[in-house]
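Structure file final_36.cif; described as mmCIF, C-alpha atoms.
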data_work
loop_
_atom_site.label_atom_id
_atom_site.label_comp_id
_atom_site.auth_asym_id
_atom_site.auth_seq_id
_atom_site.Cartn_x
_atom_site.Cartn_y
_atom_site.Cartn_z
CA MET A 1 111.60 207.58 118.21
CA ASN A 2 111.89 203.91 117.40
CA LYS A 3 111.20 203.66 113.73
CA LYS A 4 110.97 200.10 112.43
CA LEU A 5 111.28 199.31 108.76
CA ARG A 6 108.14 197.65 107.48
CA ILE A 7 108.35 195.41 104.41
CA LEU A 8 105.48 193.80 102.53
CA VAL A 9 106.35 190.40 101.10
CA ALA A 10 103.85 189.20 98.51
CA LYS A 11 103.44 186.63 95.80
CA PRO A 12 101.49 188.02 92.87
CA GLY A 13 100.00 185.99 90.09
CA LEU A 14 99.34 182.33 89.68
CA ASP A 15 102.40 180.41 90.74
CA GLY A 16 102.09 178.66 94.06
CA HIS A 17 105.70 178.27 95.07
CA ASP A 18 105.95 180.35 98.21
CA ARG A 19 108.95 178.70 99.85
CA GLY A 20 111.28 181.43 98.60
CA ALA A 21 109.01 184.23 99.81
CA LYS A 22 108.71 182.58 103.22
CA VAL A 23 112.47 182.14 103.54
CA VAL A 24 113.00 185.82 102.70
CA ALA A 25 110.23 186.89 105.12
CA ARG A 26 111.85 184.88 107.87
CA ALA A 27 115.31 186.29 107.13
CA LEU A 28 113.97 189.84 107.24
CA ARG A 29 112.26 189.11 110.55
CA ASP A 30 115.54 187.85 111.97
CA ALA A 31 117.19 191.05 110.77
CA GLY A 32 114.74 193.10 112.84
CA PHE A 33 112.27 194.16 110.16
CA GLU A 34 108.51 194.04 110.53
CA VAL A 35 107.35 191.84 107.69
CA ILE A 36 103.78 191.90 106.49
CA TYR A 37 103.21 188.63 104.70
CA THR A 38 100.11 188.47 102.53
CA GLY A 39 100.33 185.01 101.01
CA LEU A 40 99.65 183.61 97.57
CA HIS A 41 97.78 184.72 94.47
CA GLN A 42 97.75 188.44 95.08
CA THR A 43 96.70 190.86 92.36
CA PRO A 44 98.70 194.09 91.90
CA GLU A 45 95.66 195.98 93.25
CA MET A 46 95.64 193.90 96.43
CA ILE A 47 99.36 194.39 96.93
CA VAL A 48 99.28 198.15 96.53
CA THR A 49 96.19 198.55 98.75
CA ALA A 50 97.84 196.48 101.47
CA ALA A 51 101.10 198.42 101.13
CA ILE A 52 99.32 201.73 101.62
CA GLN A 53 97.15 200.60 104.54
CA GLU A 54 100.21 199.15 106.25
CA ASP A 55 102.38 202.18 105.35
CA VAL A 56 105.30 199.95 104.39
CA ASP A 57 108.74 201.19 103.39
CA ALA A 58 109.24 198.55 100.71
CA ILE A 59 107.44 195.85 98.77
CA GLY A 60 109.22 192.62 97.88
CA LEU A 61 107.61 190.53 95.18
CA SER A 62 108.45 186.92 94.53
CA ILE A 63 107.66 185.83 90.98
CA LEU A 64 108.62 182.44 89.62
CA SER A 65 105.97 182.15 86.95
CA GLY A 66 107.65 184.14 84.20
CA ALA A 67 105.07 186.93 84.43
CA HIS A 68 107.53 189.43 85.87
CA MET A 69 107.40 191.71 82.82
CA THR A 70 103.69 192.21 83.46
CA LEU A 71 103.43 192.11 87.24
CA PHE A 72 106.31 194.41 88.24
CA PRO A 73 105.25 197.21 85.86
CA ASN A 74 101.62 196.86 86.93
CA VAL A 75 102.45 197.22 90.61
CA LEU A 76 104.71 200.17 89.82
CA LYS A 77 101.97 201.82 87.77
CA LEU A 78 99.49 201.48 90.62
CA LEU A 79 102.00 202.89 93.09
CA LYS A 80 102.41 205.91 90.83
CA LYS A 81 98.66 206.28 90.53
CA GLN A 82 98.34 206.30 94.33
CA LYS A 83 101.26 208.73 94.63
CA ALA A 84 103.10 206.14 96.67
CA THR A 85 106.37 206.00 94.79
CA ASP A 86 108.26 206.57 98.02
CA ILE A 87 107.74 202.85 98.56
CA LEU A 88 110.67 200.83 97.23
CA LEU A 89 109.63 197.99 94.93
CA PHE A 90 112.13 195.13 94.76
CA GLY A 91 111.86 191.41 94.18
CA GLY A 92 113.19 188.03 93.36
CA GLY A 93 112.58 185.07 91.14
CA ILE A 94 113.73 183.62 87.89
CA ILE A 95 114.29 186.73 85.84
CA PRO A 96 116.64 186.77 82.80
CA ASP A 97 119.31 189.47 82.71
CA GLU A 98 117.86 191.25 79.67
CA ASP A 99 114.51 191.55 81.47
CA LYS A 100 116.24 192.81 84.59
CA LYS A 101 117.79 195.63 82.58
CA VAL A 102 114.40 196.75 81.34
CA LEU A 103 112.86 196.59 84.81
CA TYR A 104 115.77 198.46 86.46
CA LYS A 105 115.38 201.20 83.87
CA SER A 106 111.71 201.60 84.75
CA GLY A 107 112.64 202.34 88.35
CA ILE A 108 112.36 198.98 90.06
CA GLY A 109 114.79 198.21 92.86
CA LYS A 110 117.12 195.27 93.02
CA LEU A 111 115.99 191.85 91.72
CA PHE A 112 117.53 188.79 93.32
CA GLY A 113 117.98 185.49 91.55
CA PRO A 114 118.08 181.89 92.77
CA GLY A 115 120.93 181.07 95.14
CA THR A 116 121.18 184.59 96.59
CA PRO A 117 122.17 184.42 100.28
CA THR A 118 119.40 186.05 102.32
CA SER A 119 122.04 188.23 104.00
CA GLU A 120 122.55 189.97 100.66
CA ILE A 121 118.89 191.05 100.62
CA VAL A 122 119.09 192.25 104.21
CA GLU A 123 122.24 194.25 103.46
CA TYR A 124 120.64 195.77 100.37
CA LEU A 125 117.61 197.00 102.32
CA LYS A 126 119.62 198.30 105.25
CA LYS A 127 121.89 200.22 102.92
CA TYR A 128 119.04 201.55 100.83
CA PHE A 129 117.19 202.99 103.80
CA LYS A 130 120.27 204.40 105.40
CA THR A 131 121.47 206.29 102.35
CA GLU A 132 118.02 207.40 101.28
CA MET B 133 99.25 205.42 112.23
CA THR B 134 102.95 205.01 111.65
CA ILE B 135 103.61 208.22 113.59
CA ILE B 136 101.39 207.03 116.40
CA GLU B 137 103.26 203.74 116.56
CA ASN B 138 106.71 205.29 116.43
CA ASN B 139 106.63 208.60 118.23
CA LYS B 140 104.80 209.14 121.45
CA ASP B 141 105.08 212.93 121.66
CA HIS B 142 103.71 213.56 118.17
CA ALA B 143 101.12 210.87 118.72
CA ASN B 144 99.67 212.62 121.74
CA GLN B 145 99.29 215.86 119.80
CA ILE B 146 97.44 214.12 116.99
CA LEU B 147 95.26 212.13 119.37
CA HIS B 148 94.38 215.22 121.35
CA ARG B 149 93.14 216.86 118.16
CA ILE B 150 90.96 213.97 116.99
CA TYR B 151 89.61 212.99 120.38
CA HIS B 152 86.25 214.69 119.95
CA ARG B 153 85.60 212.50 116.93
CA THR B 154 86.28 209.19 118.57
CA SER B 155 83.29 207.77 120.37
CA HIS B 156 81.36 206.53 117.41
CA ALA B 157 82.74 203.05 116.63
CA TRP B 158 81.92 199.80 118.41
CA ARG B 159 85.11 197.98 119.29
CA ILE B 160 85.23 194.21 119.21
CA GLY B 161 88.20 192.31 120.61
CA ILE B 162 88.91 188.80 119.41
CA THR B 163 91.32 186.76 121.46
CA GLY B 164 92.27 183.13 121.98
CA PRO B 165 95.17 180.70 121.71
CA PRO B 166 97.35 180.47 118.56
CA GLY B 167 95.69 178.64 115.69
CA ALA B 168 92.17 178.91 117.14
CA GLY B 169 90.95 180.53 113.93
CA LYS B 170 90.84 184.15 115.04
CA SER B 171 91.90 185.63 111.69
CA THR B 172 89.44 183.53 109.70
CA LEU B 173 86.68 184.48 112.12
CA VAL B 174 87.60 188.16 111.75
CA GLU B 175 87.40 187.84 107.96
CA ARG B 176 83.94 186.27 108.12
CA LEU B 177 82.66 188.76 110.65
CA ALA B 178 83.94 191.70 108.61
CA ILE B 179 82.07 190.41 105.55
CA ASP B 180 78.90 190.19 107.63
CA PHE B 181 79.27 193.74 108.95
CA VAL B 182 79.82 195.11 105.44
CA LYS B 183 76.68 193.25 104.33
CA HIS B 184 74.84 195.18 107.04
CA ASN B 185 76.18 198.38 105.54
CA LYS B 186 78.82 199.06 108.15
CA THR B 187 82.37 200.21 107.58
CA VAL B 188 85.02 198.13 109.30
CA GLY B 189 88.51 198.77 110.64
CA ILE B 190 90.64 195.80 111.52
CA VAL B 191 93.75 195.90 113.71
CA CYS B 192 95.61 192.60 113.81
CA ILE B 193 98.49 192.05 116.14
CA ASP B 194 101.34 189.57 115.92
CA PRO B 195 104.32 189.17 118.22
CA THR B 196 107.66 190.90 117.88
CA SER B 197 110.68 188.67 118.35
CA PRO B 198 112.37 189.44 121.66
CA PHE B 199 115.63 188.31 120.04
CA SER B 200 115.81 190.22 116.75
CA GLY B 201 113.13 192.88 117.23
CA GLY B 202 111.61 191.74 113.94
CA ALA B 203 108.16 190.36 113.34
CA ILE B 204 106.15 188.42 110.80
CA LEU B 205 102.71 189.95 110.52
CA GLY B 206 100.74 187.18 108.85
CA ASP B 207 97.11 187.74 109.74
CA ARG B 208 96.41 189.24 106.34
CA VAL B 209 96.98 185.85 104.73
CA ARG B 210 93.55 184.75 105.98
CA MET B 211 91.86 188.00 105.05
CA SER B 212 92.73 188.44 101.37
CA SER B 213 89.07 188.51 100.37
CA LEU B 214 88.78 191.83 102.24
CA PHE B 215 91.74 193.66 100.67
CA LEU B 216 89.90 195.50 97.94
CA ASP B 217 86.75 196.43 99.82
CA PRO B 218 86.83 200.20 100.24
CA LYS B 219 84.71 199.87 103.38
CA ILE B 220 87.42 197.86 105.11
CA PHE B 221 90.79 199.09 106.37
CA ILE B 222 93.27 196.57 107.73
CA ARG B 223 96.36 197.45 109.73
CA SER B 224 98.86 194.95 111.12
CA MET B 225 100.82 195.78 114.25
CA ALA B 226 103.73 194.12 116.02
CA THR B 227 103.74 193.94 119.82
CA ARG B 228 107.19 195.61 120.08
CA GLY B 229 107.75 194.36 123.59
CA SER B 230 104.24 194.72 125.01
CA LEU B 231 103.22 191.65 126.96
CA GLY B 232 99.44 192.00 127.19
CA GLY B 233 98.56 190.42 123.84
CA VAL B 234 98.20 193.72 121.98
CA ALA B 235 100.64 196.42 120.84
CA ARG B 236 101.25 199.48 123.00
CA ALA B 237 99.53 201.82 120.58
CA THR B 238 96.58 199.54 119.76
CA ASN B 239 94.04 201.71 121.51
CA GLU B 240 95.38 204.82 119.79
CA VAL B 241 95.25 203.21 116.34
CA CYS B 242 91.64 202.25 117.09
CA ASP B 243 90.96 205.90 117.99
CA LEU B 244 92.27 206.92 114.58
CA LEU B 245 90.07 204.40 112.77
CA ASP B 246 87.19 205.67 114.86
CA ALA B 247 87.94 209.27 113.88
CA PHE B 248 87.94 208.15 110.24
CA HIS B 249 84.36 207.00 110.75
CA LYS B 250 84.67 203.27 110.87
CA ASP B 251 81.47 201.91 112.44
CA ILE B 252 83.05 198.71 113.67
CA ILE B 253 86.62 198.13 114.79
CA ILE B 254 87.82 194.57 115.19
CA ILE B 255 90.97 193.99 117.21
CA GLU B 256 92.63 190.65 116.80
CA THR B 257 95.18 189.84 119.50
CA ILE B 258 98.26 187.65 119.18
CA GLY B 259 97.68 184.01 120.04
CA VAL B 260 97.33 184.25 123.81
CA GLY B 261 97.94 181.98 126.76
CA GLN B 262 96.16 182.59 130.02
CA VAL B 263 97.10 186.08 131.11
CA GLU B 264 97.40 188.32 128.02
CA LEU B 265 94.15 190.15 128.68
CA ASP B 266 94.79 193.77 127.70
CA VAL B 267 92.30 193.63 124.83
CA ALA B 268 89.43 193.60 127.31
CA GLY B 269 90.38 197.11 128.36
CA ILE B 270 90.20 198.34 124.77
CA ALA B 271 87.18 196.52 123.37
CA ASN B 272 83.49 197.08 124.11
CA THR B 273 82.75 193.46 123.32
CA THR B 274 85.41 190.83 123.97
CA ILE B 275 85.13 187.50 122.19
CA VAL B 276 87.19 184.54 123.40
CA VAL B 277 87.80 181.92 120.73
CA LEU B 278 88.66 178.37 121.80
CA VAL B 279 88.97 175.08 119.94
CA PRO B 280 87.87 171.56 120.98
CA GLU B 281 91.47 170.63 121.80
CA ALA B 282 91.63 173.40 124.41
CA GLY B 283 91.81 171.03 127.35
CA ASP B 284 89.67 169.57 130.09
CA SER B 285 87.32 171.11 132.60
CA ILE B 286 90.13 172.28 134.87
CA GLN B 287 91.42 174.56 132.12
CA THR B 288 88.03 176.23 131.83
CA MET B 289 87.99 176.87 135.57
CA LYS B 290 91.27 178.71 135.65
CA ALA B 291 91.53 182.44 136.06
CA GLY B 292 92.38 184.83 133.27
CA LEU B 293 91.13 184.26 129.76
CA MET B 294 87.88 182.69 130.92
CA GLU B 295 86.99 185.82 132.86
CA ILE B 296 87.19 188.42 130.12
CA GLY B 297 84.85 186.99 127.49
CA ASP B 298 81.53 188.69 126.79
CA ILE B 299 80.96 186.02 124.18
CA PHE B 300 82.66 182.63 123.91
CA VAL B 301 83.19 180.86 120.61
CA VAL B 302 84.09 177.22 120.15
CA ASN B 303 85.57 177.33 116.67
CA LYS B 304 86.38 174.28 114.52
CA SER B 305 83.29 172.82 116.15
CA ASP B 306 83.05 170.09 113.53
CA ARG B 307 85.84 168.39 115.43
CA GLU B 308 85.46 165.88 118.20
CA GLY B 309 85.01 167.30 121.68
CA ALA B 310 83.24 170.52 120.66
CA ASP B 311 80.01 169.66 122.51
CA ARG B 312 81.89 168.65 125.63
CA LEU B 313 83.93 171.87 125.65
CA THR B 314 80.82 173.98 125.05
CA MET B 315 79.09 172.38 128.03
CA GLU B 316 82.12 172.83 130.23
CA ILE B 317 82.41 176.51 129.38
CA GLU B 318 78.71 176.98 129.99
CA SER B 319 78.83 175.33 133.38
CA VAL B 320 81.75 177.51 134.45
CA LEU B 321 80.01 180.65 133.26
CA GLU B 322 76.84 179.76 135.16
CA MET B 323 78.80 179.87 138.39
CA LYS B 324 79.69 183.47 137.67
CA ASN B 325 77.80 185.91 139.80
CA SER B 326 76.57 188.46 137.31
CA GLN B 327 73.40 189.65 135.67
CA ARG B 328 74.39 188.47 132.23
CA THR B 329 75.75 185.02 131.42
CA PRO B 330 77.99 185.17 128.35
CA PRO B 331 76.69 183.03 125.51
CA VAL B 332 78.76 180.14 124.14
CA LEU B 333 78.58 179.65 120.37
CA LYS B 334 79.80 176.97 118.04
CA THR B 335 81.32 178.03 114.73
CA VAL B 336 83.23 176.60 111.80
CA ALA B 337 84.84 179.79 110.54
CA THR B 338 86.33 178.28 107.37
CA GLU B 339 82.83 177.32 106.21
CA GLY B 340 81.11 180.40 107.60
CA LYS B 341 78.98 178.32 109.98
CA GLY B 342 77.66 180.11 113.06
CA ILE B 343 78.82 183.56 111.95
CA THR B 344 75.29 184.98 111.76
CA ASP B 345 74.69 183.80 115.34
CA LEU B 346 77.91 185.47 116.41
CA TYR B 347 76.89 188.69 114.68
CA ASN B 348 73.55 188.62 116.49
CA CYS B 349 75.24 187.97 119.83
CA ILE B 350 77.50 190.98 119.35
CA MET B 351 74.47 193.16 118.61
CA GLU B 352 72.68 191.82 121.69
CA HIS B 353 75.71 192.48 123.85
CA GLN B 354 75.88 196.03 122.55
CA LYS B 355 72.21 196.58 123.40
CA TYR B 356 72.70 195.04 126.84
CA LEU B 357 75.71 197.22 127.65
CA VAL B 358 73.91 200.39 126.68
CA SER B 359 70.63 199.60 128.42
CA SER B 360 72.17 198.25 131.64
CA GLY B 361 74.39 201.29 132.08
CA ASP B 362 77.51 199.11 131.94
CA PHE B 363 78.56 201.01 128.86
CA THR B 364 78.94 204.22 130.83
CA LYS B 365 80.79 202.30 133.52
CA GLN B 366 83.12 200.81 130.89
CA LYS B 367 83.76 204.25 129.47
CA ARG B 368 84.50 205.76 132.87
CA GLU B 369 87.01 203.01 133.67
CA LYS B 370 88.65 203.38 130.30
CA ILE B 371 89.07 207.13 130.52
CA THR B 372 90.44 206.83 134.06
CA SER B 373 93.05 204.30 133.02
CA GLU B 374 93.92 206.36 129.95
CA ILE B 375 94.65 209.41 132.07
CA VAL B 376 96.60 207.37 134.62
CA GLU B 377 98.68 205.80 131.87
CA LEU B 378 99.44 209.15 130.27
CA ILE B 379 100.61 210.54 133.59
CA ASP B 380 102.66 207.41 134.31
CA SER B 381 104.53 207.69 131.06
CA LYS B 382 105.03 211.45 131.40
CA ILE B 383 106.46 211.04 134.89
CA LYS B 384 108.66 208.20 133.77
CA SER B 385 110.16 210.04 130.82
CA ASN B 386 110.53 213.20 132.87
CA LEU B 387 112.35 211.22 135.55
CA TRP B 388 114.78 209.44 133.26
CA GLN B 389 115.54 212.51 131.19
CA ASN B 390 116.76 214.23 134.33
CA LYS B 391 120.56 214.41 134.14
CA LYS B 392 120.99 214.61 137.89
CA ILE B 393 119.07 211.37 138.32
CA ASN B 394 121.12 209.54 135.73
CA SER B 395 124.49 210.67 137.06
CA ASN B 396 123.47 209.82 140.61
CA LEU B 397 122.18 206.46 139.46
CA THR B 398 125.61 205.55 138.12
CA LEU B 399 127.23 206.65 141.39
CA LEU B 400 124.77 204.75 143.55
CA VAL B 401 125.15 201.54 141.51
CA GLU B 402 128.87 201.62 142.28
CA LYS B 403 128.10 202.15 145.96
CA VAL B 404 125.77 199.13 145.97
CA ILE B 405 128.47 197.02 144.35
CA LYS B 406 130.96 198.09 147.04
CA GLY B 407 128.46 197.16 149.71
CA GLN B 408 128.03 200.74 150.97
CA GLN B 409 124.43 201.01 149.87
CA THR B 410 121.39 198.83 149.13
CA PRO B 411 119.18 199.14 146.03
CA TYR B 412 116.26 200.02 148.33
CA HIS B 413 117.96 202.94 149.95
CA ALA B 414 119.43 204.04 146.63
CA SER B 415 116.00 204.24 145.03
CA GLU B 416 114.65 206.32 147.92
CA LYS B 417 117.57 208.67 147.56
CA LEU B 418 117.01 209.08 143.81
CA ILE B 419 113.36 209.91 144.31
CA LYS B 420 114.34 212.53 146.87
CA ILE B 421 116.84 214.05 144.43
CA TRP B 422 114.16 214.12 141.75
CA LYS B 423 111.63 215.80 144.01
CA ASN B 424 114.14 218.45 145.09
CA SER B 425 115.24 219.15 141.54
CA ARG B 426 111.62 219.83 140.60
CA GLY B 427 110.92 221.93 143.62
CA VAL B 428 108.35 219.41 144.77
CA SER B 429 108.38 218.82 148.47
CA ARG B 430 106.09 217.19 150.90
#

Write the structure described by the file as structure tokens, please.
Amino acid sequence: MNKKLRILVAKPGLDGHDRGAKVVARALRDAGFEVIYTGLHQTPEMIVTAAIQEDVDAIGLSILSGAHMTLFPNVLKLLKKQKATDILLFGGGIIPDEDKKVLYKSGIGKLFGPGTPTSEIVEYLKKYFKTE
Amino acid sequence: MTIIENNKDHANQILHRIYHRTSHAWRIGITGPPGAGKSTLVERLAIDFVKHNKTVGIVCIDPTSPFSGGAILGDRVRMSSLFLDPKIFIRSMATRGSLGGVARATNEVCDLLDAFHKDIIIIETIGVGQVELDVAGIANTTIVVLVPEAGDSIQTMKAGLMEIGDIFVVNKSDREGADRLTMEIESVLEMKNSQRTPPVLKTVATEGKGITDLYNCIMEHQKYLVSSGDFTKQKREKITSEIVELIDSKIKSNLWQNKKINSNLTLLVEKVIKGQQTPYHASEKLIKIWKNSRGVSR
């Protein structure tokens, strides 16, 4: 049995700044994860379909456009609709603390802000899947 | 699919159960060097197949890092127009140490897609060099994608990649050198001693140019294989190698799970280090121990 953790890294919505997502994807690769990278301008429907076809363990969304209060809940709603809530939804971007609180309450995993060392994200995922 | 990728014993049980449902799909392998435009070509082809009312499964493979064991599976980036089509199912796989250009369980994942009634299965290999040719053993039709910068006539004469194509595609053919490369491939293929000379097509995948021709060539190749009897031959070879591989892996795991073998291996290694034994003799001895422990004798 050689189970590998599979993570989908996606950029939903309209902003085109994918440097952060690429850096995270690369860091996860170096940590031994299989990273499915889907690129820019993904709709929540596209992300959830890809996540199910790829049978990923987690979805990481990078949102810098300010639309996080729409996009995170929409992806979560679709995951629920597909009965795929076993997939962890986490993310990163420029998200104010008061928004974070609301999102955490709704069941979204950790949200990382600018300046986070990539090792922190790797540690978070490793811990999450070990204790699960 | 995850089970099939991760756990061989469970996988074999599942595959055994679905086997009778798996000879329906036509399998198309797409291979070529990195950056040749394989993913874009796959996207365009899939759109064409759906237009012809076919369901499509796509298996795209990217390399696993030999250093970290991780992988970036990025072929989906070029296929986002296909994500929401219910007739299309895309699965990315990492090579996880396989060296033939595809993942170990690629064939098995194709079997699953086949059992789920996909009409067409497209397998996209990692960017290959000259000898990663495993896809030819999985696909019914193998397409080799090259680009004008692929090199001079000596490259096209070399063994390996040039020998497995049923169809050759010169992609990015709006670039300089496309005509020259096409001619060079054609002249090499003419020297081949076979009934069918593989066609060489020019495409510009990003603009969708030449895709209809490619579709037609695939259909022609399918007809040819079936009518010439090569299809049955292909099938026979494939089943033979499947059985051989299954036995190989069974024997291997049986051998290395044997405690006697492992303890003796450690002993013999020490003997080799001390100069009392050679690796050649040691291996013979281990095989003898294994045979005796199983009651197999010759």

Practice item. Decode the PyMOL selection byres ((chain A and resi 111) around 8) for the given file into explicit residues and return them as a list in words. Key: Phe90, Gly91, Gly92, Gly93, Ile95, Lys100, Gly109, Lys110, Phe112 and Gly113 of chain A

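Atom to atom, atom CA of A:Gly107 and atom CA of A:Leu79 stand 11.7 Å apart.
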
Review point. Which of these, B:Thr187, B:Thr163, B:Thr172, B:Gln327, has the shortest distance to B:Gly261 once you count all atoms listed in the file?
Key: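 Among B:Thr187, B:Thr163, B:Thr172, B:Gln327, it is B:Thr163 that comes nearest to B:Gly261.
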
List every residue of chain A that has an atom at most 6 Å from any atom of chain B, and for each one report the closest atom pair and its distance in Å to one decimal, counting all atoms listed in the file, with rows sorted by chain and then by increasing residue number, as CSV.
residue,atom,partner,partner_atom,distance
A:Met1,CA,B:Asn139,CA,5.1
A:Asn2,CA,B:Asn138,CA,5.4
A:Lys3,CA,B:Asn138,CA,5.5
A:Arg29,CA,B:Gly202,CA,4.3
A:Asp30,CA,B:Ser200,CA,5.3
A:Gly32,CA,B:Gly202,CA,3.6
A:Phe33,CA,B:Gly202,CA,4.5
A:Glu34,CA,B:Ala203,CA,4.6
A:Val35,CA,B:Ile204,CA,4.8
A:Ile36,CA,B:Leu205,CA,4.6
A:Tyr37,CA,B:Gly206,CA,5.0
A:Thr38,CA,B:Val209,CA,4.6
A:Gly39,CA,B:Val209,CA,5.1
A:Met46,CA,B:Phe215,CA,5.8
A:Glu54,CA,B:Arg223,CA,5.5

Exercise for review: Apply the PyMOL selection byres ((chain A and resi 85) around 12) to the file shown and report the selected residues as a VMD selection string.
Suggested key: chain A and resid 48 51 to 52 55 to 59 75 to 84 86 to 89 107 to 109

**Study point:** For atom CA of A:Gly13 and atom CA of A:Ala67, the interatomic separation in Å (one decimal)
**Key:** 7.7 Å

Practice item. May I have the residues within 7 Å of stretch 22-28 of chain A as a list of chain:residue names, using all atoms listed in the file and disregarding those fewer than 6 positions away in the same chain? Key: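 Final neighbour list, sorted by chain and number: A:Val9, A:Val35, A:Thr118, A:Val122.
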
Check your understanding: By how many Å are atom CA of B:Gly169 and atom CA of B:Lys304 apart?
Key -> 7.8 Å

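When you apply the PyMOL selection byres ((chain B and resi 345-359) around 9) to this structure, what comes back is Trp158, Ile160, Leu177, Asp180, Phe181, Asn272, Thr273, Ile275, Asp298, Ile299, Val301, Arg328, Pro330, Pro331, Leu333, Lys334, Thr335, Lys341, Gly342, Ile343, Thr344, Ser360, Gly361, Asp362, Phe363, Thr364 and Gln366 of chain B.
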
Exercise for review: Find the spatial neighbours of B:Val174, counting only C-alpha atoms, within a cut-off of 9 Å - ignore same-chain residues fewer than 6 positions away - and output them as a ChimeraX atom specification.
Suggested key: /B:162,190,210-211,254-256,337

Point to revise | For B:Ile419: contacts at 12 Å, all atoms listed in the file, fewer than 6 positions along chain excluded, given as an NGL selection string | key: :B and (383-384 or 387-388 or 390 or 392-394 or 396-397 or 412-413 or 425-426 or 428-429)

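Close contacts of A:Gly66, defined as residues with an atom at most 12 Å away when counting all atoms listed in the file, with chain neighbours fewer than 3 positions off set aside, comprise A:Pro12, A:Gly13, A:Leu14, A:Asp15, A:Ser62, A:Ile63, A:Met69, A:Thr70, A:Leu71, A:Phe72, A:Gly92, A:Gly93, A:Ile94, A:Ile95, A:Pro96, A:Asp99.
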
Assuming 8 Å of padding per side, give the centre and edge lengths of the axis-aligned box around every listed atom of stretch 324-335 of chain B, in Å to one decimal and as JSON.
{"center_x": 77.4, "center_y": 183.3, "center_z": 127.3, "size_x": 23.9, "size_y": 28.7, "size_z": 41.1}

Review point. For B:Arg159, which residue out of B:Val263, B:Val182, B:Ala268, B:Arg236 is the nearest one, using all atoms listed in the file?
Key: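 Of B:Val263, B:Val182, B:Ala268, B:Arg236, the one nearest B:Arg159, counting all atoms listed in the file, is B:Ala268.
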
Check your understanding: Could you tell me, as a VMD selection string, which residues have any atom at most 6 Å from (109.3, 198.2, 84.4), counting only C-alpha atoms?
Key -> chain A and resid 73 103 106

Incomplete stretch 340-351 of chain B brought to N, CA and C atoms, written out as a compact mmCIF listing (two decimals), in the frame of the given file:
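Saved to rebuild_1.txt:
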# COMPACT_ATOMS: atom_id res chain seq x y z
N GLY B 340 82.06 179.33 107.33
CA GLY B 340 81.11 180.40 107.60
C GLY B 340 79.96 179.97 108.50
N LYS B 341 80.08 178.79 109.13
CA LYS B 341 78.98 178.32 109.98
C LYS B 341 78.97 179.03 111.32
N GLY B 342 77.81 179.49 111.74
CA GLY B 342 77.66 180.11 113.06
C GLY B 342 78.01 181.58 113.09
N ILE B 343 78.40 182.15 111.95
CA ILE B 343 78.82 183.56 111.95
C ILE B 343 77.62 184.50 112.16
N THR B 344 76.49 184.14 111.57
CA THR B 344 75.29 184.98 111.76
C THR B 344 74.91 185.01 113.24
N ASP B 345 74.98 183.85 113.90
CA ASP B 345 74.69 183.80 115.34
C ASP B 345 75.64 184.72 116.11
N LEU B 346 76.92 184.65 115.73
CA LEU B 346 77.91 185.47 116.41
C LEU B 346 77.61 186.96 116.21
N TYR B 347 77.26 187.31 114.98
CA TYR B 347 76.89 188.69 114.68
C TYR B 347 75.73 189.13 115.58
N ASN B 348 74.70 188.29 115.66
CA ASN B 348 73.55 188.62 116.49
C ASN B 348 73.92 188.78 117.96
N CYS B 349 74.80 187.90 118.43
CA CYS B 349 75.24 187.97 119.83
C CYS B 349 75.98 189.28 120.12
N ILE B 350 76.78 189.72 119.16
CA ILE B 350 77.50 190.98 119.35
C ILE B 350 76.50 192.13 119.47
N MET B 351 75.49 192.11 118.58
CA MET B 351 74.47 193.16 118.61
C MET B 351 73.71 193.15 119.95
